[in-house]
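Notes follow the structure.
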Amino acid sequence: MRFPRKQTCRGKKMTVPMPKRAPLLLFVGILTLTAAVIGLLLYALLWKAGNLADSPNLRLGFYSFCLWDEGTGSLQCHQFPELEDLGVSRVGLALARLGVYGALVLTLFVPLPLLLAQCNSNEGEWQLAVGFLVVASTLLAGGLGLFLIYTWKWLSLSLLGSGFIALSTAQALLILLLMATAVFPQMAERASKLEHC
């Protein structure tokens, strides 16, 4: 185990808490988290077609609403005039779609300002990436919450599938990513001050 070494900086003793490459490692970790969030969102919204519950007798997603019909013994998919009779709001489902798919689009834009901010040492570009993450996290949470509110009477936790798990994990990683991007400029500034001692 290595202990922090003591350095003298202009006559004062200081403890160096991190190695020289810690900001670079944190930046690579932030990019890795961003790639993981993008991958999870792509999996849930494109590969699984937005279906949060996909079983032989129930398929509920942002674009499919299929319930088991006892009379025919098969899945019967419903469209909007029927969905409003079932209690699903057209506006609510449209906002849920906008939220989750908007989160995917905004998250796709995050890596570019992060890379530009790192290369150009520009805090404005970094703040743009943080803004994208704030809006993406809010949209994903709102869209997923709205969808669950409107469909909860047909769902239970045991019916939620891998699409829901992927979206929930993406939301948790977006929050972690947001915290990391908020802390990164402070850590990089501290590291540069220690290098100039």
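The chains in the structure tokens are called A, B, ... from first to last as shown; in each chain the residues are counted from 1, and the ligands are counted from 1 in the order shown.
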Which residues come within 12 Å of Gln79 (chain A), counting only C-alpha atoms, excluding same-chain residues fewer than 2 positions away, as a short mmCIF file (atom, residue, chain, number, x, y, z; two decimals) with N, CA and C atoms, in the first residue's frame?
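Written out: part02.cif:
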data_model
loop_
_atom_site.label_atom_id
_atom_site.label_comp_id
_atom_site.auth_asym_id
_atom_site.auth_seq_id
_atom_site.Cartn_x
_atom_site.Cartn_y
_atom_site.Cartn_z
N PHE A 62 -43.28 1.06 -25.64
CA PHE A 62 -43.61 2.42 -26.05
C PHE A 62 -44.37 2.44 -27.37
N TYR A 63 -44.22 1.38 -28.19
CA TYR A 63 -44.93 1.32 -29.46
C TYR A 63 -45.79 0.07 -29.62
N SER A 64 -45.82 -0.79 -28.64
CA SER A 64 -46.67 -1.99 -28.72
C SER A 64 -47.44 -2.14 -27.41
N PHE A 65 -48.70 -2.43 -27.55
CA PHE A 65 -49.57 -2.59 -26.40
C PHE A 65 -50.45 -3.81 -26.67
N CYS A 66 -49.93 -4.99 -26.33
CA CYS A 66 -50.61 -6.24 -26.64
C CYS A 66 -50.97 -6.96 -25.35
N LEU A 67 -52.25 -7.26 -25.19
CA LEU A 67 -52.76 -7.96 -24.00
C LEU A 67 -53.32 -9.31 -24.43
N GLN A 76 -53.69 -9.82 -28.32
CA GLN A 76 -54.42 -8.87 -29.13
C GLN A 76 -53.78 -7.51 -28.93
N CYS A 77 -53.27 -6.94 -30.01
CA CYS A 77 -52.61 -5.64 -29.94
C CYS A 77 -53.63 -4.53 -30.12
N PRO A 81 -57.51 4.41 -30.47
CA PRO A 81 -58.88 4.60 -29.98
C PRO A 81 -59.23 3.59 -28.88
N GLU A 82 -58.73 2.36 -29.01
CA GLU A 82 -58.98 1.34 -27.98
C GLU A 82 -58.18 1.63 -26.71
N LEU A 83 -56.95 2.15 -26.88
CA LEU A 83 -56.10 2.43 -25.71
C LEU A 83 -56.70 3.50 -24.83
N GLU A 84 -57.33 4.50 -25.42
CA GLU A 84 -57.97 5.53 -24.61
C GLU A 84 -59.14 4.95 -23.82
N ASP A 85 -59.84 3.96 -24.39
CA ASP A 85 -60.90 3.28 -23.65
C ASP A 85 -60.34 2.47 -22.49
N LEU A 86 -59.10 1.98 -22.65
CA LEU A 86 -58.44 1.22 -21.57
C LEU A 86 -57.84 2.14 -20.50
N VAL A 88 -55.36 4.64 -21.23
CA VAL A 88 -54.02 5.11 -21.57
C VAL A 88 -54.17 6.41 -22.35
N SER A 89 -53.59 7.46 -21.83
CA SER A 89 -53.69 8.78 -22.45
C SER A 89 -52.77 8.87 -23.68
N ARG A 90 -53.31 9.41 -24.75
CA ARG A 90 -52.53 9.61 -25.98
C ARG A 90 -51.38 10.58 -25.72
N LEU A 93 -48.68 8.96 -23.32
CA LEU A 93 -47.80 8.01 -23.99
C LEU A 93 -46.86 8.72 -24.97
#
Could the residues of region 97-120 of chain A that have an atom at most 12 Å from region 23-29 of chain A be listed as CSV, each with its closest atom pair and the distance in Å to one decimal, counting only C-alpha atoms and ordered by chain and ascending residue number?
residue,atom,partner,partner_atom,distance
A:Pro111,CA,A:Phe27,CA,10.9
A:Leu114,CA,A:Phe27,CA,8.7
A:Leu115,CA,A:Phe27,CA,9.2
A:Ala117,CA,A:Phe27,CA,10.7
A:Gln118,CA,A:Phe27,CA,8.2
A:Cys119,CA,A:Phe27,CA,11.3
Tell me which protein, DNA and RNA residues are within 8 Å of region 94-107 of chain A, counting only C-alpha atoms, leaving out same-chain ones fewer than 5 positions away, and put them as a CSV table (one decimal) with C-alpha atoms, in the first residue's frame.
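What landed in result_27.csv:
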chain,number,residue,atom,x,y,z
A,34,THR,CA,-21.1,7.3,-21.5
A,37,VAL,CA,-25.3,4.4,-21.1
A,38,ILE,CA,-25.5,4.7,-24.9
A,41,LEU,CA,-30.3,2.8,-24.3
A,42,LEU,CA,-29.8,1.4,-27.8
A,45,LEU,CA,-35.1,1.2,-27.3
A,62,PHE,CA,-43.6,2.4,-26.1
A,132,PHE,CA,-26.9,17.3,-22.1
A,133,LEU,CA,-26.6,14.8,-19.2
A,135,VAL,CA,-31.7,17.0,-19.7
A,136,ALA,CA,-31.2,13.4,-20.8
A,137,SER,CA,-31.5,12.1,-17.2
A,139,LEU,CA,-36.2,13.1,-19.9
A,140,LEU,CA,-35.4,9.4,-19.2
A,141,ALA,CA,-36.8,9.4,-15.7
A,142,GLY,CA,-39.9,11.4,-16.8
A,143,GLY,CA,-40.6,9.2,-19.8
A,144,LEU,CA,-40.1,5.9,-17.9
A,145,GLY,CA,-42.2,7.2,-15.0
A,146,LEU,CA,-45.1,8.3,-17.2
A,147,PHE,CA,-45.1,5.0,-19.1
Would you return as a ChimeraX atom specification the members of region 40-191 of chain A that DSSP assigns to helix (DSSP H, G or I) on this structure's backbone? /A:40-47,80-86,90-108,111-120,123-154,157-159,162-191
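In this comparison, which uses only C-alpha atoms, the residue of A:Leu160, A:Ile165, A:Leu75, A:Val130 approaching Val183 (chain A) most closely is A:Val130.
Backbone DSSP over region 49-149 of chain A gives strand (DSSP E) for Asn51, Leu52, Ala53, Asp54, Ser55, Leu58, Arg59, Leu60, Gly61, Phe65, Cys66, Leu67, Trp68, Asp69, Ser74, Leu75, Gln76 and Cys77 of chain A.
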To one decimal place in Å, what is the distance between CA of Phe164 (chain A) and CA of Ala53 (chain A)?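 Value for the CA of Phe164 (chain A)-CA of Ala53 (chain A) distance: 7.5 Å.
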